[in-house]
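So this block is protein-v9.tsv, TSV, C-alpha atoms and all ligand atoms:
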```
chain	number	residue	atom	x	y	z
A	1	MET	CA	-72.79	-133.02	-30.53
A	2	SER	CA	-72.29	-132.46	-26.85
A	3	SER	CA	-71.79	-128.83	-25.98
A	4	GLU	CA	-68.88	-129.82	-23.69
A	5	ILE	CA	-66.58	-130.38	-26.63
A	6	ARG	CA	-67.09	-127.00	-28.25
A	7	LYS	CA	-63.84	-125.06	-28.59
A	8	ILE	CA	-64.21	-121.32	-28.91
A	9	PRO	CA	-61.00	-119.36	-29.57
A	10	TYR	CA	-60.79	-115.80	-28.31
A	11	THR	CA	-59.60	-114.44	-31.66
A	12	LYS	CA	-58.60	-115.77	-35.05
A	13	PRO	CA	-57.85	-113.90	-38.27
A	14	SER	CA	-60.42	-113.83	-41.06
A	15	ILE	CA	-58.60	-115.17	-44.11
A	16	THR	CA	-60.45	-115.69	-47.40
A	17	GLU	CA	-59.48	-116.76	-50.90
A	18	LEU	CA	-58.54	-113.14	-51.62
A	19	GLU	CA	-55.76	-113.04	-49.00
A	20	VAL	CA	-54.47	-116.41	-50.22
A	21	GLN	CA	-54.56	-115.25	-53.84
A	22	TYR	CA	-52.62	-112.04	-53.14
A	23	ALA	CA	-50.07	-113.76	-50.90
A	24	THR	CA	-49.57	-116.44	-53.52
A	25	ASP	CA	-49.03	-113.81	-56.18
A	26	ALA	CA	-46.53	-111.96	-53.96
A	27	ALA	CA	-44.65	-115.20	-53.27
A	28	ALA	CA	-44.57	-116.13	-56.96
A	29	ASN	CA	-44.02	-112.75	-58.59
A	30	GLY	CA	-43.25	-110.11	-55.98
A	31	TRP	CA	-39.51	-110.02	-56.38
A	32	GLY	CA	-36.93	-107.90	-58.18
A	33	GLU	CA	-38.56	-104.78	-59.53
A	34	HIS	CA	-41.90	-105.87	-58.02
A	35	CYS	CA	-40.61	-106.39	-54.48
A	36	TYR	CA	-42.37	-103.27	-53.14
A	37	ASP	CA	-45.60	-103.40	-55.18
A	38	TYR	CA	-47.90	-104.71	-52.46
A	39	ILE	CA	-46.19	-102.59	-49.79
A	40	VAL	CA	-46.87	-99.39	-51.73
A	41	ARG	CA	-50.43	-100.50	-52.45
A	42	PHE	CA	-51.06	-101.37	-48.80
A	43	GLU	CA	-49.72	-98.01	-47.62
A	44	GLU	CA	-51.86	-96.16	-50.17
A	45	ALA	CA	-54.99	-98.07	-49.16
A	46	PHE	CA	-54.34	-97.44	-45.49
A	47	LYS	CA	-53.70	-93.73	-46.02
A	48	ALA	CA	-56.93	-93.39	-47.99
A	49	HIS	CA	-58.90	-95.24	-45.31
A	50	LEU	CA	-57.49	-93.15	-42.49
A	51	GLY	CA	-57.41	-89.80	-44.24
A	52	VAL	CA	-53.73	-89.07	-43.52
A	53	LYS	CA	-50.93	-87.84	-45.76
A	54	TYR	CA	-48.19	-90.34	-44.98
A	55	ALA	CA	-47.94	-94.00	-44.03
A	56	ILE	CA	-45.01	-96.40	-43.62
A	57	ALA	CA	-45.66	-100.13	-43.32
A	58	THR	CA	-43.59	-101.68	-40.54
A	59	SER	CA	-42.84	-105.10	-39.09
A	60	SER	CA	-44.89	-104.29	-35.99
A	61	CYS	CA	-46.71	-101.56	-34.13
A	62	THR	CA	-43.95	-101.68	-31.52
A	63	GLY	CA	-41.42	-100.87	-34.26
A	64	ALA	CA	-43.57	-98.02	-35.57
A	65	LEU	CA	-43.79	-96.56	-32.05
A	66	HIS	CA	-40.04	-97.01	-31.51
A	67	MET	CA	-39.11	-95.15	-34.68
A	68	GLY	CA	-41.67	-92.40	-34.20
A	69	MET	CA	-40.60	-91.80	-30.61
A	70	HIS	CA	-36.94	-91.77	-31.66
A	71	ALA	CA	-37.74	-89.23	-34.39
A	72	LEU	CA	-39.47	-87.01	-31.81
A	73	GLY	CA	-36.16	-86.96	-29.93
A	74	ILE	CA	-37.31	-88.96	-26.92
A	75	GLY	CA	-34.21	-90.14	-25.08
A	76	PRO	CA	-32.43	-90.61	-21.76
A	77	GLY	CA	-33.88	-88.57	-18.92
A	78	ASP	CA	-37.16	-87.86	-20.69
A	79	GLU	CA	-40.61	-88.81	-19.43
A	80	VAL	CA	-43.51	-90.06	-21.51
A	81	ILE	CA	-46.99	-90.08	-19.99
A	82	MET	CA	-49.27	-93.03	-20.71
A	83	ALA	CA	-52.07	-95.00	-19.07
A	84	ASP	CA	-51.16	-97.65	-16.50
A	85	THR	CA	-53.72	-99.90	-18.20
A	86	ASN	CA	-51.89	-101.05	-21.27
A	87	TRP	CA	-50.12	-103.72	-23.19
A	88	ILE	CA	-46.34	-103.56	-22.62
A	89	ALA	CA	-45.72	-102.81	-26.33
A	90	THR	CA	-46.48	-99.13	-25.73
A	91	ALA	CA	-44.02	-98.84	-22.86
A	92	ALA	CA	-41.15	-100.96	-24.22
A	93	PRO	CA	-39.96	-98.45	-26.89
A	94	ILE	CA	-39.92	-95.69	-24.26
A	95	VAL	CA	-37.65	-97.83	-22.09
A	96	HIS	CA	-35.46	-98.84	-25.06
A	97	LEU	CA	-34.88	-95.15	-25.80
A	98	GLY	CA	-33.68	-94.63	-22.22
A	99	ALA	CA	-36.74	-92.61	-21.21
A	100	THR	CA	-39.20	-93.33	-18.42
A	101	PRO	CA	-42.90	-94.13	-18.81
A	102	VAL	CA	-45.06	-92.21	-16.33
A	103	PHE	CA	-48.25	-94.10	-15.59
A	104	VAL	CA	-51.53	-92.33	-14.92
A	105	ASP	CA	-55.02	-93.67	-14.42
A	106	ILE	CA	-57.73	-94.41	-16.95
A	107	LEU	CA	-61.29	-93.12	-16.88
A	108	PRO	CA	-63.98	-95.61	-15.84
A	109	ASP	CA	-66.17	-94.67	-18.79
A	110	SER	CA	-63.60	-95.07	-21.57
A	111	TRP	CA	-60.83	-97.27	-20.07
A	112	CYS	CA	-58.47	-94.71	-21.65
A	113	LEU	CA	-56.19	-91.92	-20.36
A	114	ASP	CA	-57.64	-89.50	-17.81
A	115	PRO	CA	-56.77	-86.05	-19.25
A	116	GLU	CA	-56.76	-84.37	-15.82
A	117	GLN	CA	-54.19	-86.84	-14.53
A	118	VAL	CA	-52.12	-86.38	-17.68
A	119	GLU	CA	-51.93	-82.66	-17.09
A	120	ALA	CA	-51.09	-83.14	-13.43
A	121	ALA	CA	-48.24	-85.49	-14.34
A	122	ILE	CA	-46.50	-83.06	-16.69
A	123	THR	CA	-43.00	-82.03	-15.58
A	124	PRO	CA	-40.16	-80.20	-17.35
A	125	LYS	CA	-38.94	-83.65	-18.43
A	126	THR	CA	-42.19	-84.63	-20.19
A	127	LYS	CA	-41.47	-85.19	-23.86
A	128	ALA	CA	-44.72	-86.78	-25.08
A	129	MET	CA	-47.95	-88.48	-24.08
A	130	VAL	CA	-49.28	-91.68	-25.62
A	131	ALA	CA	-53.02	-91.95	-26.17
A	132	VAL	CA	-53.86	-95.65	-26.39
A	133	HIS	CA	-57.34	-96.37	-27.71
A	134	LEU	CA	-57.85	-99.41	-25.53
A	135	TYR	CA	-59.83	-102.30	-27.05
A	136	GLY	CA	-60.90	-99.85	-29.79
A	137	ASN	CA	-62.48	-97.45	-27.28
A	138	LEU	CA	-61.54	-93.84	-27.80
A	139	CYS	CA	-59.44	-91.47	-25.72
A	140	ASN	CA	-60.79	-87.99	-25.12
A	141	MET	CA	-58.67	-86.60	-27.94
A	142	ASP	CA	-60.03	-83.03	-27.73
A	143	ALA	CA	-58.87	-82.76	-24.14
A	144	LEU	CA	-55.52	-84.48	-24.73
A	145	LEU	CA	-54.71	-82.41	-27.82
A	146	ALA	CA	-55.59	-79.22	-25.93
A	147	ILE	CA	-53.29	-80.20	-23.06
A	148	GLY	CA	-50.54	-81.04	-25.54
A	149	GLU	CA	-51.02	-77.67	-27.23
A	150	ARG	CA	-50.92	-75.79	-23.91
A	151	HIS	CA	-47.71	-77.44	-22.79
A	152	GLY	CA	-46.01	-77.95	-26.14
A	153	ILE	CA	-46.12	-81.74	-25.81
A	154	PRO	CA	-46.91	-84.01	-28.76
A	155	VAL	CA	-49.73	-86.54	-28.52
A	156	ILE	CA	-48.81	-89.95	-29.92
A	157	GLU	CA	-51.71	-92.25	-30.80
A	158	ASP	CA	-51.28	-95.96	-30.24
A	159	ALA	CA	-54.18	-97.12	-32.38
A	160	ALA	CA	-53.05	-100.75	-32.46
A	161	GLU	CA	-56.48	-101.85	-31.26
A	162	ALA	CA	-58.50	-99.12	-32.92
A	163	VAL	CA	-58.80	-99.85	-36.61
A	164	GLY	CA	-62.34	-98.74	-37.46
A	165	SER	CA	-62.75	-96.41	-34.47
A	166	VAL	CA	-63.90	-92.88	-35.26
A	167	TYR	CA	-63.76	-89.88	-32.91
A	168	HIS	CA	-66.06	-87.01	-33.91
A	169	GLY	CA	-65.60	-87.81	-37.58
A	170	LYS	CA	-61.86	-88.43	-37.38
A	171	ARG	CA	-60.33	-91.87	-37.47
A	172	ALA	CA	-58.30	-93.10	-34.51
A	173	GLY	CA	-54.61	-92.74	-35.32
A	174	SER	CA	-55.08	-89.71	-37.57
A	175	MET	CA	-55.28	-87.00	-34.91
A	176	GLY	CA	-51.96	-87.03	-33.04
A	177	ARG	CA	-48.44	-86.06	-34.15
A	178	PHE	CA	-48.24	-89.62	-35.34
A	179	GLY	CA	-50.24	-92.81	-35.05
A	180	ALA	CA	-49.22	-96.47	-34.89
A	181	PHE	CA	-51.24	-99.56	-35.85
A	182	SER	CA	-50.78	-103.29	-35.36
A	183	PHE	CA	-51.61	-106.11	-37.75
A	184	HIS	CA	-50.68	-108.88	-35.36
A	185	GLY	CA	-52.73	-112.04	-35.85
A	186	THR	CA	-55.11	-111.13	-33.03
A	187	LYS	CA	-55.99	-107.68	-34.34
A	188	THR	CA	-59.04	-106.68	-36.43
A	189	ILE	CA	-57.04	-106.68	-39.65
A	190	THR	CA	-53.89	-108.73	-39.88
A	191	THR	CA	-50.77	-109.42	-41.90
A	192	GLY	CA	-49.57	-112.12	-39.48
A	193	GLU	CA	-47.16	-109.68	-37.87
A	194	GLY	CA	-47.01	-106.09	-39.00
A	195	GLY	CA	-47.74	-102.47	-38.28
A	196	MET	CA	-48.14	-99.02	-39.75
A	197	PHE	CA	-46.68	-95.63	-38.91
A	198	VAL	CA	-48.95	-92.73	-39.98
A	199	THR	CA	-48.60	-88.96	-39.79
A	200	ASN	CA	-49.58	-85.70	-41.46
A	201	ASP	CA	-46.22	-84.11	-40.61
A	202	PRO	CA	-43.92	-84.13	-43.68
A	203	ASP	CA	-40.70	-83.68	-41.69
A	204	LEU	CA	-41.53	-86.44	-39.25
A	205	TYR	CA	-42.42	-88.69	-42.18
A	206	GLU	CA	-39.06	-88.08	-43.87
A	207	GLN	CA	-37.23	-88.74	-40.60
A	208	VAL	CA	-39.04	-92.01	-39.95
A	209	LEU	CA	-38.65	-93.08	-43.57
A	210	THR	CA	-34.90	-92.62	-43.24
A	211	LEU	CA	-34.83	-94.35	-39.85
A	212	SER	CA	-36.86	-97.26	-41.25
A	213	ASN	CA	-34.34	-97.84	-44.00
A	214	HIS	CA	-31.27	-98.27	-41.80
A	215	GLY	CA	-30.68	-94.56	-41.75
A	216	ARG	CA	-30.33	-94.20	-45.50
A	217	ALA	CA	-31.93	-90.93	-46.62
A	218	ARG	CA	-34.25	-91.04	-49.60
A	219	GLY	CA	-32.13	-88.67	-51.69
A	220	GLN	CA	-28.85	-90.43	-50.92
A	221	SER	CA	-27.34	-91.59	-54.21
A	222	LYS	CA	-24.39	-93.50	-52.73
A	223	GLN	CA	-25.18	-97.17	-52.13
A	224	PHE	CA	-24.77	-98.92	-48.79
A	225	TRP	CA	-24.29	-95.46	-47.32
A	226	PRO	CA	-26.13	-94.76	-44.06
A	227	ASP	CA	-26.61	-91.14	-43.06
A	228	MET	CA	-27.39	-92.11	-39.47
A	229	VAL	CA	-27.97	-95.21	-37.37
A	230	GLY	CA	-31.50	-96.33	-38.10
A	231	PHE	CA	-33.75	-99.32	-37.55
A	232	LYS	CA	-34.83	-102.34	-39.52
A	233	TYR	CA	-38.58	-102.55	-38.98
A	234	LYS	CA	-39.81	-103.16	-42.49
A	235	MET	CA	-42.83	-105.11	-43.63
A	236	SER	CA	-42.33	-107.72	-46.34
A	237	ASN	CA	-44.17	-107.64	-49.66
A	238	ILE	CA	-45.84	-110.97	-48.86
A	239	GLN	CA	-47.26	-109.63	-45.59
A	240	ALA	CA	-48.39	-106.47	-47.38
A	241	ALA	CA	-50.20	-108.62	-49.96
A	242	ILE	CA	-52.33	-110.10	-47.18
A	243	GLY	CA	-52.83	-106.56	-45.87
A	244	CYS	CA	-54.12	-105.38	-49.27
A	245	ALA	CA	-56.78	-108.07	-49.22
A	246	GLN	CA	-57.74	-107.18	-45.64
A	247	MET	CA	-58.04	-103.50	-46.60
A	248	GLN	CA	-60.47	-104.42	-49.38
A	249	ARG	CA	-62.56	-106.10	-46.69
A	250	ILE	CA	-62.03	-103.57	-43.90
A	251	ASN	CA	-65.65	-102.42	-43.63
A	252	GLU	CA	-66.83	-106.01	-43.43
A	253	LEU	CA	-64.14	-106.88	-40.83
A	254	VAL	CA	-64.86	-103.88	-38.59
A	255	GLY	CA	-68.61	-104.26	-39.09
A	256	ARG	CA	-68.42	-107.85	-37.92
A	257	LYS	CA	-66.55	-106.82	-34.74
A	258	ARG	CA	-69.26	-104.31	-33.94
A	259	GLU	CA	-71.94	-106.89	-34.66
A	260	ILE	CA	-70.33	-109.39	-32.27
A	261	LEU	CA	-70.27	-106.83	-29.45
A	262	GLN	CA	-73.93	-106.08	-30.11
A	263	SER	CA	-74.82	-109.79	-30.10
A	264	TYR	CA	-73.16	-110.27	-26.72
A	265	LYS	CA	-75.11	-107.34	-25.29
A	266	GLU	CA	-78.35	-108.85	-26.58
A	267	GLU	CA	-77.54	-112.36	-25.32
A	268	PHE	CA	-76.69	-111.04	-21.85
A	269	GLU	CA	-79.99	-109.20	-21.78
A	270	ASN	CA	-82.01	-112.17	-23.08
A	271	LEU	CA	-80.47	-114.51	-20.53
A	272	GLY	CA	-80.66	-112.01	-17.69
A	273	VAL	CA	-76.92	-112.03	-17.00
A	274	THR	CA	-76.31	-108.90	-15.01
A	275	CYS	CA	-73.16	-106.91	-15.63
A	276	GLN	CA	-71.86	-103.37	-15.32
A	277	GLY	CA	-71.44	-103.05	-19.05
A	278	PHE	CA	-69.45	-103.64	-22.19
A	279	ASN	CA	-66.99	-101.59	-24.28
A	280	PRO	CA	-68.22	-98.03	-23.84
A	281	GLU	CA	-69.13	-95.94	-26.87
A	282	LEU	CA	-69.18	-92.30	-25.83
A	283	ASP	CA	-71.12	-89.51	-27.56
A	284	GLY	CA	-69.71	-88.63	-30.95
A	285	CYS	CA	-67.62	-91.81	-31.04
A	286	LEU	CA	-67.92	-94.94	-33.12
A	287	ILE	CA	-65.83	-97.78	-31.73
A	288	GLY	CA	-64.16	-100.45	-33.85
A	289	ALA	CA	-64.96	-102.94	-31.05
A	290	TRP	CA	-61.76	-104.94	-31.59
A	291	MET	CA	-62.26	-106.98	-28.43
A	292	THR	CA	-65.62	-107.50	-26.78
A	293	THR	CA	-64.94	-106.86	-23.11
A	294	VAL	CA	-67.39	-107.11	-20.28
A	295	VAL	CA	-67.19	-105.61	-16.81
A	296	ILE	CA	-69.17	-108.10	-14.74
A	297	ASP	CA	-69.28	-106.57	-11.32
A	298	VAL	CA	-68.64	-103.30	-9.56
A	299	PRO	CA	-64.93	-102.44	-9.95
A	300	SER	CA	-63.01	-103.94	-7.05
A	301	GLU	CA	-59.34	-104.45	-6.32
A	302	ASN	CA	-59.87	-107.55	-4.26
A	303	SER	CA	-62.17	-109.64	-6.38
A	304	THR	CA	-60.97	-112.86	-7.97
A	305	LEU	CA	-64.08	-112.93	-10.14
A	306	SER	CA	-62.29	-112.52	-13.45
A	307	GLU	CA	-59.85	-115.30	-12.68
A	308	SER	CA	-62.43	-117.80	-11.51
A	309	LEU	CA	-64.73	-116.94	-14.38
A	310	GLN	CA	-61.91	-117.48	-16.86
A	311	THR	CA	-61.22	-120.89	-15.32
A	312	GLY	CA	-64.91	-121.78	-15.38
A	313	LEU	CA	-65.16	-120.85	-19.05
A	314	LYS	CA	-62.00	-122.77	-19.92
A	315	SER	CA	-63.56	-125.96	-18.60
A	316	ARG	CA	-66.36	-125.38	-21.10
A	317	GLY	CA	-63.92	-124.94	-24.00
A	318	ILE	CA	-64.16	-121.16	-24.01
A	319	ASP	CA	-60.99	-119.13	-24.30
A	320	ALA	CA	-61.67	-115.84	-22.50
A	321	ARG	CA	-58.82	-113.50	-21.56
A	322	PRO	CA	-58.10	-111.14	-18.67
A	323	PHE	CA	-58.42	-107.37	-18.96
A	324	PHE	CA	-54.91	-105.82	-19.13
A	325	ALA	CA	-53.25	-105.75	-15.71
A	326	PRO	CA	-51.84	-102.35	-14.77
A	327	LEU	CA	-48.26	-102.20	-16.07
A	328	SER	CA	-47.11	-100.84	-12.72
A	329	SER	CA	-48.15	-104.19	-11.18
A	330	THR	CA	-45.86	-106.18	-13.51
A	331	PRO	CA	-42.22	-107.04	-12.72
A	332	PRO	CA	-40.49	-104.59	-15.12
A	333	PHE	CA	-42.44	-101.58	-13.91
A	334	GLN	CA	-43.20	-102.13	-10.23
A	335	SER	CA	-40.74	-99.43	-9.24
A	336	LEU	CA	-42.76	-96.94	-11.31
A	337	ARG	CA	-45.99	-97.52	-9.42
A	338	ASN	CA	-47.39	-94.07	-8.98
A	339	GLY	CA	-47.30	-93.49	-5.24
A	340	ARG	CA	-48.72	-89.99	-5.29
A	341	SER	CA	-52.03	-90.81	-6.92
A	342	HIS	CA	-52.69	-94.49	-7.09
A	343	CYS	CA	-54.26	-95.55	-10.38
A	344	LYS	CA	-57.63	-96.51	-8.92
A	345	TRP	CA	-59.45	-97.64	-12.06
A	346	SER	CA	-56.42	-99.35	-13.63
A	347	TYR	CA	-56.32	-101.55	-10.53
A	348	SER	CA	-60.03	-102.00	-9.88
A	349	ILE	CA	-61.43	-102.88	-13.32
A	350	PRO	CA	-59.27	-105.93	-14.28
A	351	PRO	CA	-60.38	-108.11	-11.32
A	352	VAL	CA	-64.00	-107.92	-12.50
A	353	ALA	CA	-63.60	-107.69	-16.29
A	354	LEU	CA	-63.00	-110.20	-19.07
A	355	ASN	CA	-62.29	-110.25	-22.82
A	356	LEU	CA	-64.79	-112.55	-24.52
A	357	PRO	CA	-64.15	-114.68	-27.61
A	358	CYS	CA	-64.78	-112.49	-30.64
A	359	SER	CA	-63.17	-113.88	-33.76
A	360	HIS	CA	-64.92	-112.71	-36.94
A	361	GLU	CA	-66.23	-116.21	-37.52
A	362	ILE	CA	-67.85	-116.76	-34.13
A	363	SER	CA	-71.45	-117.86	-34.58
A	364	LYS	CA	-74.58	-116.57	-32.93
A	365	SER	CA	-74.94	-119.94	-31.22
A	366	ASP	CA	-71.36	-119.72	-29.88
A	367	ILE	CA	-72.07	-116.27	-28.47
A	368	SER	CA	-75.18	-117.64	-26.83
A	369	TYR	CA	-73.17	-120.55	-25.46
A	370	VAL	CA	-70.57	-118.18	-23.96
A	371	ALA	CA	-73.23	-115.97	-22.38
A	372	ASN	CA	-74.92	-119.05	-20.94
A	373	ALA	CA	-71.64	-120.37	-19.59
A	374	ILE	CA	-71.00	-117.04	-17.86
A	375	LYS	CA	-74.46	-117.20	-16.33
A	376	GLU	CA	-73.80	-120.73	-15.05
A	377	ALA	CA	-70.35	-119.89	-13.78
A	378	LEU	CA	-71.68	-116.90	-11.89
A	379	SER	CA	-74.48	-118.78	-10.18
A	401	LIG	C1	-51.02	-105.23	-30.09
A	401	LIG	C2	-50.63	-103.94	-29.48
A	401	LIG	C3	-49.39	-103.33	-29.71
A	401	LIG	C4	-48.26	-104.04	-30.36
A	401	LIG	O1	-48.46	-104.42	-31.63
A	401	LIG	P1	-47.33	-105.32	-32.33
A	401	LIG	O2	-47.72	-105.23	-33.77
A	401	LIG	O3	-47.47	-106.68	-31.74
A	401	LIG	O4	-46.03	-104.69	-32.05
A	401	LIG	C5	-49.15	-102.07	-29.20
A	401	LIG	N1	-50.07	-101.43	-28.47
A	401	LIG	C6	-51.26	-101.97	-28.20
A	401	LIG	C7	-52.23	-101.17	-27.41
A	401	LIG	C8	-51.57	-103.24	-28.68
A	401	LIG	O5	-52.74	-103.81	-28.39
```
Structure re-expressed in structure tokens:
Amino acid sequence: MSSEIRKIPYTKPSITELEVQYATDAAANGWGEHCYDYIVRFEEAFKAHLGVKYAIATSSCTGALHMGMHALGIGPGDEVIMADTNWIATAAPIVHLGATPVFVDILPDSWCLDPEQVEAAITPKTKAMVAVHLYGNLCNMDALLAIGERHGIPVIEDAAEAVGSVYHGKRAGSMGRFGAFSFHGTKTITTGEGGMFVTNDPDLYEQVLTLSNHGRARGQSKQFWPDMVGFKYKMSNIQAAIGCAQMQRINELVGRKREILQSYKEEFENLGVTCQGFNPELDGCLIGAWMTTVVIDVPSENSTLSESLQTGLKSRGIDARPFFAPLSSTPPFQSLRNGRSHCKWSYSIPPVALNLPCSHEISKSDISYVANAIKEALS
């Protein structure tokens, strides 16, 4: 077979007989009095994995963030600090609540929030900060939690990309006031679409539970009787069934992601492809390695390296993706570009960085093929 016709997707869920079996069971039997069985089971499994007290399965991570932020009282006039380097899903709920995202820079060695810049950005309007564990890397949670403590500001963890990531013995998503996860089809574990709200705070849990059920409080005995205006961000039993199967396989799924990252590092070394580095794993951290990401050259705002490399790989059937553009460079947020202290790393890493194909099923030979293609495209 000619290597030209290889097609290598950048991600793809890992679905086995187990997922199919559970989903089939949910579709056949998960109705009536059984309509929540898999949802409850999925939440229990996720709580046990993460080591948190409460979990609510949701239709998406965005929905989990929206409800959690609403429950924290974030609203018009408030500011929420987050990294400029991000997927829009973290910022959208802030905007929907009438608040303003305040973008600060990332650190070059974690690609996550710079704690010093977070502290400098705090104003009387600051209502929260969102720690996004980008690509499964880990934020400096000790520093962020200390800043939050000092200023009375909650730390929200967007752990959408960080299933399997562990910070000094604690799982990503379990350390902040609340955490949010995504089970979108591209993520390490998937339910097609889906998310999870997690917290150790009993009051916050009750609030979000009520919000998630169209504002109907748990103890409310009247039917069709909302106690407040809530949301409808629920996960279905069929999605949760797939989630239950994925949770049974979580160590295998995370392990495979870490293995893929390692294989890329080895292939680059074997082939002599020079690069600045891959997903950083700082001392005391274990990364879930959701998305193998390589920084090819020295960070630069002017380089078109990432773009041309992506095009070069595409012509060889390889679907690589760009590193997240700074949100303040995108149309909805250009007016929020931080003029005082320009987000240097958020702007200088994407032009020289690339997400590499890393579906669970990618073969050693595919990884070698990708590394070779990068070598060719660079020469
Ligand atoms: C995927 C992702 C989300 C959104 O997840 P959905 O389940 O699609 O809502 C939020 N934040 C980050 C960092 C993500 O990568």
TODO: Go through A:Ile106, A:Ile250, A:Leu65, A:Ala120 and flag the residue nearest ligand LIG 401 (chain A), using all atoms listed in the file for the distances.
DONE: A:Leu65
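Comparing A:Gly194, A:Gly179, A:Gly30, A:Gly164 by their smallest distance to ligand LIG 401 (chain A), the closest is A:Gly194 (using all atoms listed in the file).
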Open item on the list: I'd like the contact shell of A:Ala371 - 9 Å cut-off, only C-alpha atoms, skipping same-chain residues fewer than 5 positions apart - returned as number ranges by chain.
Closed with: A: 264, 267-268, 271, 273, 366, 376
Expected file: the selected residues, C-alpha atoms, as a short mmCIF file (atom, residue, chain, number, x, y, z; two decimals), in the coordinates of the input:
```
data_model
loop_
_atom_site.label_atom_id
_atom_site.label_comp_id
_atom_site.auth_asym_id
_atom_site.auth_seq_id
_atom_site.Cartn_x
_atom_site.Cartn_y
_atom_site.Cartn_z
CA TYR A 264 -73.16 -110.27 -26.72
CA GLU A 267 -77.54 -112.36 -25.32
CA PHE A 268 -76.69 -111.04 -21.85
CA LEU A 271 -80.47 -114.51 -20.53
CA VAL A 273 -76.92 -112.03 -17.00
CA ASP A 366 -71.36 -119.72 -29.88
CA GLU A 376 -73.80 -120.73 -15.05
#
```
Open item on the list: Could you list the protein, DNA and RNA residues that have any atom within 9 Å of ligand LIG 401 (chain A), counting only C-alpha atoms and all ligand atoms, and write them as a ChimeraX atom specification?
Closed with: /A:58-65,86-91,132-135,158-162,180-187,193-196
Open item on the list: Please determine, counting only C-alpha atoms, which residue among A:Ser346, A:Ser363, A:Thr274, A:Thr304 has the shortest atom-to-atom distance to A:Val104.
Closed with: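 Closest to A:Val104, using only C-alpha atoms: A:Ser346.
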TODO: Quick one: everything within 12 Å of A:Thr11, counting all atoms listed in the file, minus sequence neighbours fewer than 6 positions away in the same chain. Send it as a PyMOL selection string.
DONE: chain A and resi 184-190+257+260+290-292+318-321+355-362
